[in-house]
Amino acid sequence: MIFILFVLGLLVGSFLNVVLFRFESGETVVSGRSRCNACRQTIAWYDNIPLLSFIFLRGECRQCGERISWQYPAVEFATAALFALSGARLYVPGNTSSSIELAFALGLIAILTIIFVYDLVHMEIPMAALWAGIFWAILMLFFLWYFSLPREMFFDSRLWDGLIGGGIAFLFFYALVFFSRETWMGMGDAWLALILGLVAGWQLLLPALTLAFGTGAVFGIGLILLGKKQMQSRIPFGPFLVAAVLFIALFGRIIQDVWQFPLWA
Ligand SMILES: [Zn+2]
């Protein structure tokens with residue numbers, strides 16, 4: 001099961017690379033075979049195997065010898081590792097809600113990987129990916145509620161908790177965007193925070209935001225100390241929100257147990 005998810009993750013990761021490339025070039029996803037970015041030669045199937053081809057070709061195009069971006073194997077490996085981890089963390093054989101939980105995580109991983117890479121490279125987030133993430137989160141939370149046995153009260157469900165959490169997170173980030181005139185955060189971050197709130201629910205929103213701002217601050221300070229960034233230079237915040245969403249999706253229950261304040265009970 002874990003192995004199958006890993007291989008599935010490699011294939012999905014390879015597809016995500018195509019989607020990312022097409023987002024950047026404006027082509028539609030279904031336009032033909034993969035080509036080398038440098039020499040435009042069609043890539044043979046045996047040179048297009050996720051991860052393995054990059055290793056065998058030593059990161060160079062077989063036709064023109066141009067270096068292939070590290071982004072391709074990195075996205076493939078990250079997707080595969082996260083898929084396998086999701087299976088190990090979430091899947092319980094024969095349990096419907098754990099299957100929904102797993103599907104929820106796999107979809108989030110695919111969508112958020114796109115957002116992570118695109119924001120890192122371009123300092124902006126494609127709106128289509130944000131809509132996909134919001135839609136997927138609400139759909140899966142609805143399924144988790146609808147197929148719960150016995151069916152939970154709506155106001156006890158994670159769908160309700162998520163809608164409240166998402167609303168609060170969106171308004172908080174919208175205020176940051178508005179008052180900073182988009183210098184601290186962009187609107188993309190606000191929509192991404194909505195996804196974080198949906199996944200975390202209002203109960204885990206505070207630890208989730210602490211995680212995002214905490215890792216963001218540590219990285220920011222680290223880059224300044226290493227001399228790679230100046231105090232005023234911008235670092236995209238999306239990747240930290242993405243990391244927080246995935247961490248909560250995979251390890252939310254652990255945090256819930258550790259952070260059991262009477263306040264939230
Ligand atoms: Zn080439």
# chains A, B, ... in the order shown; residues from 1 in each chain; ligands from 1
call {"tool": "residues_near_ligand", "arguments": {"ligand": "ligand 1", "cutoff": "7 Å", "atoms": "only C-alpha atoms and all ligand atoms", "output": "PyMOL selection string"}}
result
chain A and resi 36-41+61-66
call {"tool": "write_last_selection", "arguments": {"atoms": "C-alpha atoms", "output": "PDB file, in the first residue's frame"}}
result
ATOM      1  CA  CYS A  36      13.092  19.601 -23.717  1.00  0.00           C
ATOM      2  CA  ASN A  37      12.870  23.275 -22.712  1.00  0.00           C
ATOM      3  CA  ALA A  38      16.183  24.030 -24.428  1.00  0.00           C
ATOM      4  CA  CYS A  39      16.217  22.130 -27.745  1.00  0.00           C
ATOM      5  CA  ARG A  40      12.416  21.492 -28.043  1.00  0.00           C
ATOM      6  CA  GLN A  41      13.074  17.827 -28.966  1.00  0.00           C
ATOM      7  CA  CYS A  61      19.016  16.266 -21.843  1.00  0.00           C
ATOM      8  CA  ARG A  62      20.009  13.261 -24.016  1.00  0.00           C
ATOM      9  CA  GLN A  63      19.761  15.336 -27.222  1.00  0.00           C
ATOM     10  CA  CYS A  64      21.409  18.640 -26.390  1.00  0.00           C
ATOM     11  CA  GLY A  65      23.119  18.056 -23.027  1.00  0.00           C
ATOM     12  CA  GLU A  66      21.368  21.044 -21.427  1.00  0.00           C
TER      13      GLU A  66
END
call {"tool": "residues_around", "arguments": {"residues": "Gln203 in chain A", "least_positions_apart": "3", "cutoff": "8 Å", "atoms": "only C-alpha atoms", "output": "MDAnalysis selection string"}}
result
chainID A and resid 161 165 200 206 264
call {"tool": "select_by_dssp", "arguments": {"residues": "range 34-182 of chain A", "states": "strand (DSSP E or B)", "output": "PyMOL selection string"}}
result
chain A and resi 35+42+60+67
call {"tool": "residues_around", "arguments": {"residues": "range 135-137 of chain A", "least_positions_apart": "4", "cutoff": "12 Å", "atoms": "only C-alpha atoms", "output": "JSON, numbers by chain"}}
result
{"A": [100, 101, 103, 104, 105, 106, 107, 108, 109, 110, 111, 112, 128, 129, 130, 131, 141, 142, 143, 144, 158, 159, 162, 163, 166, 191, 192, 194, 195, 196, 197, 198, 199, 200, 201, 245, 249]}
call {"tool": "residues_around", "arguments": {"residues": "range 3-12 of chain A", "least_positions_apart": "4", "cutoff": "10 Å", "atoms": "only C-alpha atoms", "output": "PyMOL selection string"}}
result
chain A and resi 16-18+49-51+73+75-88+106+109-110
call {"tool": "residues_around", "arguments": {"residues": "range 214-226 of chain A", "least_positions_apart": "4", "cutoff": "7 Å", "atoms": "only C-alpha atoms", "output": "list in words"}}
result
Thr210, Gln230, Met231, Phe237 and Phe240 of chain A
call {"tool": "write_last_selection", "arguments": {"atoms": "C-alpha atoms", "output": "JSON list (two decimals), in the first residue's frame"}}
result
[["chain", "number", "residue", "atom", "x", "y", "z"],
["A", 210, "THR", "CA", 1.93, 29.65, 15.06],
["A", 230, "GLN", "CA", 18.43, 41.75, 3.31],
["A", 231, "MET", "CA", 16.07, 42.93, 6.03],
["A", 237, "PHE", "CA", 4.83, 33.40, 2.80],
["A", 240, "PHE", "CA", 5.06, 28.30, 5.03]]
call {"tool": "closest_residue", "arguments": {"among": "A:Ser157, A:Tyr146, A:Ile125, A:Ala132", "to": "Ala190 in chain A", "atoms": "only C-alpha atoms"}}
result
A:Ile125
call {"tool": "residues_around", "arguments": {"residues": "Ile254 in chain A", "least_positions_apart": "6", "cutoff": "12 Å", "atoms": "only C-alpha atoms", "output": "ChimeraX atom specification"}}
result
/A:89,204,207,247-248,260
call {"tool": "residues_around", "arguments": {"residues": "range 43-48 of chain A", "least_positions_apart": "3", "cutoff": "6 Å", "atoms": "only C-alpha atoms", "output": "PDB file with N, CA and C atoms, in the first residue's frame"}}
result
ATOM      1  N   SER A  34       5.835  15.717 -23.924  1.00  0.00           N
ATOM      2  CA  SER A  34       6.826  16.556 -23.245  1.00  0.00           C
ATOM      3  C   SER A  34       8.001  16.840 -24.174  1.00  0.00           C
ATOM      4  N   ARG A  35       8.523  18.059 -24.091  1.00  0.00           N
ATOM      5  CA  ARG A  35       9.681  18.449 -24.890  1.00  0.00           C
ATOM      6  C   ARG A  35      10.758  19.002 -23.977  1.00  0.00           C
ATOM      7  N   SER A  53      14.810   8.629 -14.604  1.00  0.00           N
ATOM      8  CA  SER A  53      15.435   9.164 -15.811  1.00  0.00           C
ATOM      9  C   SER A  53      16.406  10.285 -15.470  1.00  0.00           C
TER      10      SER A  53
END
call {"tool": "atom_distance", "arguments": {"atom1": "CA of Met185 in chain A", "atom2": "CA of Met123 in chain A"}}
result
10.4 Å
call {"tool": "closest_residue", "arguments": {"among": "A:Phe21, A:Gly133, A:Thr42, A:Gly227", "to": "Ser69 in chain A", "atoms": "only C-alpha atoms"}}
result
A:Phe21
call {"tool": "decode", "arguments": {"residues": "range 151-211 of chain A", "atoms": "C-alpha atoms", "output": "mmCIF file, in the first residue's frame"}}
result
data_model
loop_
_atom_site.group_PDB
_atom_site.id
_atom_site.type_symbol
_atom_site.label_atom_id
_atom_site.label_comp_id
_atom_site.auth_asym_id
_atom_site.auth_seq_id
_atom_site.Cartn_x
_atom_site.Cartn_y
_atom_site.Cartn_z
ATOM 1 C CA ARG A 151 -23.943 10.828 11.268
ATOM 2 C CA GLU A 152 -22.580 13.655 13.419
ATOM 3 C CA MET A 153 -24.607 16.746 14.196
ATOM 4 C CA PHE A 154 -23.615 19.373 11.602
ATOM 5 C CA PHE A 155 -22.491 21.799 14.305
ATOM 6 C CA ASP A 156 -20.213 19.097 15.776
ATOM 7 C CA SER A 157 -18.653 18.281 12.394
ATOM 8 C CA ARG A 158 -15.224 19.198 11.070
ATOM 9 C CA LEU A 159 -17.030 20.847 8.143
ATOM 10 C CA TRP A 160 -18.567 23.389 10.521
ATOM 11 C CA ASP A 161 -15.296 23.771 12.508
ATOM 12 C CA GLY A 162 -13.454 24.245 9.209
ATOM 13 C CA LEU A 163 -15.858 26.858 7.846
ATOM 14 C CA ILE A 164 -15.496 28.882 11.070
ATOM 15 C CA GLY A 165 -11.696 28.402 11.104
ATOM 16 C CA GLY A 166 -11.405 29.285 7.415
ATOM 17 C CA GLY A 167 -13.545 32.386 7.866
ATOM 18 C CA ILE A 168 -11.466 33.629 10.811
ATOM 19 C CA ALA A 169 -8.155 32.900 9.047
ATOM 20 C CA PHE A 170 -9.293 34.634 5.847
ATOM 21 C CA LEU A 171 -10.469 37.763 7.685
ATOM 22 C CA PHE A 172 -7.227 37.927 9.711
ATOM 23 C CA PHE A 173 -5.067 37.730 6.579
ATOM 24 C CA TYR A 174 -7.385 40.036 4.651
ATOM 25 C CA ALA A 175 -6.805 42.632 7.399
ATOM 26 C CA LEU A 176 -3.011 42.134 7.110
ATOM 27 C CA VAL A 177 -3.208 42.572 3.328
ATOM 28 C CA PHE A 178 -5.479 45.615 3.607
ATOM 29 C CA PHE A 179 -3.561 47.514 6.305
ATOM 30 C CA SER A 180 -0.127 46.732 4.847
ATOM 31 C CA ARG A 181 -1.328 47.576 1.314
ATOM 32 C CA GLU A 182 -0.106 44.145 0.158
ATOM 33 C CA THR A 183 3.449 44.728 1.394
ATOM 34 C CA TRP A 184 3.403 42.009 4.125
ATOM 35 C CA MET A 185 1.033 39.573 2.471
ATOM 36 C CA GLY A 186 -0.782 39.235 -0.841
ATOM 37 C CA MET A 187 -4.386 38.212 -1.484
ATOM 38 C CA GLY A 188 -3.070 34.792 -2.512
ATOM 39 C CA ASP A 189 -1.923 34.303 1.086
ATOM 40 C CA ALA A 190 -5.398 35.222 2.363
ATOM 41 C CA TRP A 191 -7.060 32.563 0.165
ATOM 42 C CA LEU A 192 -4.389 30.075 1.209
ATOM 43 C CA ALA A 193 -5.089 30.916 4.861
ATOM 44 C CA LEU A 194 -8.755 30.089 4.160
ATOM 45 C CA ILE A 195 -7.619 26.594 3.111
ATOM 46 C CA LEU A 196 -5.480 26.345 6.263
ATOM 47 C CA GLY A 197 -8.499 27.261 8.411
ATOM 48 C CA LEU A 198 -10.724 24.734 6.607
ATOM 49 C CA VAL A 199 -8.222 21.932 7.206
ATOM 50 C CA ALA A 200 -7.275 22.897 10.772
ATOM 51 C CA GLY A 201 -10.748 23.862 12.009
ATOM 52 C CA TRP A 202 -11.024 26.733 14.495
ATOM 53 C CA GLN A 203 -9.717 24.520 17.324
ATOM 54 C CA LEU A 204 -6.323 23.999 15.653
ATOM 55 C CA LEU A 205 -6.127 27.375 13.907
ATOM 56 C CA LEU A 206 -3.890 28.961 16.546
ATOM 57 C CA PRO A 207 -1.259 26.170 16.573
ATOM 58 C CA ALA A 208 -1.439 26.072 12.742
ATOM 59 C CA LEU A 209 -0.802 29.813 12.403
ATOM 60 C CA THR A 210 1.926 29.649 15.057
ATOM 61 C CA LEU A 211 3.583 26.952 12.965
#
